[in-house]
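The block underneath contains the structure these notes are about, expressed in structure tokens.
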Amino acid sequence: MKQARLTGVCAATLLALGGLGTAQASVLDKTDVEFGGYLKADIMFSDYGNGAPDSNNVSRQFYVPGAIYGVDGNGNQVTDFQARETRFNFKTVTDLDGHTLTGFIELDFMTHTDGDERVSNSYSPRIRHAFISYDNWTIGQTWTTFMNPGALPENLDFVGATEGTPFARQAQLRYSNGGFQIAIENPETTITPYGGGSRITSGNGVMPDLIARYNFKTSGGASFSVMGMLRQLELETRIANQDIDSTELGYGASVAGIIPVGRDDIRFTATYGEGLGRYVALNFANGAVLDNNNDLQAIESYSGFVSYRHWWNEQWRSSLTLSAFSADNDVSLTGGTANKESYSGYINLLYSPVKALTFGVEYMYAKNERENGTDGELNRVTFSAKYVL
């Protein structure tokens with residue numbers, strides 16, 4: 001990140017412009033400002049086993065488990081150029097008489113379908129992070145406490161090892177003290193109807209998701225995170241003239257880490273739970289299913305990944321990553337169209353002539369399977385250039 005201290009002159013200028021509202025120059029004079037992010041361009045050659053999704057589909061931007069079953073009648077092989085992963089962030093850190101106040105916001109251009117590839121490729125920015133921290137307290141949107149983003153593999157794909165890791169950003173209130181963190185986070189339940197069908201997304205949650213995490217390091221330089229979650233799955237609605245009002249307990253545990261092997265490292269995450277749903281594999285499986293009494297039954301799942309990164313020399317490195325997810329569906333409730341298993345593998349070669357600039361090529365293979373045996377396959381080669389601001 002590029003960093004600067006707001007001097008008295010700079011603070012006065014910002015106040016004159018009205019850019020910082022009613023902030024006082026004496027406070028701004030104690031504020032460090034950082035600008036960061038990166039520019040990233042991708043060229044992706046993809047081969048879908050059952051016909052490629054349309055060009056605005058999210059799986060054409062990055063690998064999304066459950067989105068690669070294909071579109072019958074479309075061609076299998078497609079080429080995509082994009083710069084949508086490019087991101088920008090702005091951070092302020094202010095010393096308030098021994099207390100530390102931090103503000104952070106970050107934007108990128110992924111997942112939107114409001115642009116097109118005909119003329120301008122104009123895609124809207126979206127909020128990734130937007131939070132305030134005051135000493136040990138954080139409030140706003142950022143990574144869920146149930147994941148360790150630092151343990152993610154160094155892949156060219158936007159997430160990499162997608163089905164093997166918890167992955168979510170959402171609003172929360174978090175308290176941190178040393179390596180310990182505890183948070184209440186935004187509740188949202190995803191549900192499979194009885195017998196199968198389109199996902200039900202319930203916004204009825206009253207109880208926040210409760211998550212705790214402990215981060216620690218060993219004397220050998222390895223770092224680990226242990227995470228646990230309790231959540232209430234809830235649905236209150238009317239379906240087919242039937243009133244439904246049901247709750248169910250969801251829970252999960254996850255461990256993640258980075259283990260140095262000389263200059264190389266091993267990165268991993270392993271997760272188990274009932275009712276985790278949207279927290280893992282980008283909601284490849286739902287958190288619960290309705291039974292024939294319109295009661296929620298939590299869906300059990302297992303997931304994990306392991307990645308080995310090898311440095312060939314100061315400028316060249318490679319990562320080999322394997323990732324998998326499995327849902328233990330009750331097919332008598334979910335039906336045969338429920339997602340069952342997903343796995344993927346990646347191998348890449350990255351070159352950094354200088355620290356801020358990286359060129360790379362990556363091959364990935366992914367396969368998804370439903371309970372009825374329907375599957376989808378994706379082979380993809382990605383070329384990327386990335387410049388860190």
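Starting from 1 in every chain, residues are counted up; chains themselves are A, B, ... following the order of the structure tokens, and ligands are numbered from 1 as listed.
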Skip Glu234 of chain A itself and residues of its chain fewer than 3 positions away, then list as a ChimeraX atom specification all residues within 6 Å of it, counting only C-alpha atoms. /A:205,246-247
Neighbours of Val289 of chain A within 12 Å (only C-alpha atoms; same-chain residues fewer than 3 positions away dropped), as a PyMOL selection string? chain A and resi 189-201+233-235+246-248+274-275+277+285-286+292-300+328-335+338
Counting only C-alpha atoms, the option among A:Gly262, A:Gly115, A:Gly73, A:Gly178 closest to Phe216 of chain A: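 Between A:Gly262, A:Gly115, A:Gly73, A:Gly178, the residue approaching Phe216 of chain A most closely is A:Gly178.
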Could you check the closest approach to Arg309 of chain A for each of A:Gly75, A:Gly51, A:Pro260, A:Gly360 and tell me which residue wins, using only C-alpha atoms? A:Pro260
In Å, with one decimal, what is the gap from atom CA of Ser326 of chain A to atom CA of Met227 of chain A?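 Going from atom CA of Ser326 of chain A over to atom CA of Met227 of chain A covers 19.5 Å.
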If we count only C-alpha atoms and set the cut-off at 8 Å, which residues sit around segment 101-113 of chain A, ignoring sequence neighbours fewer than 2 positions away in its own chain? Please answer as a ChimeraX atom specification. /A:56-58,61,84-96,99,115-116,123-135
One-decimal distance in Å that lies between atom CA of Leu378 of chain A and atom CA of Ser59 of chain A: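 So the answer is 9.9 Å.
Restricting the calculation to only C-alpha atoms, the smallest distance between Ile266 of chain A and any of A:Leu173, A:Val119, A:Leu152, A:Leu350 is found for A:Leu152.
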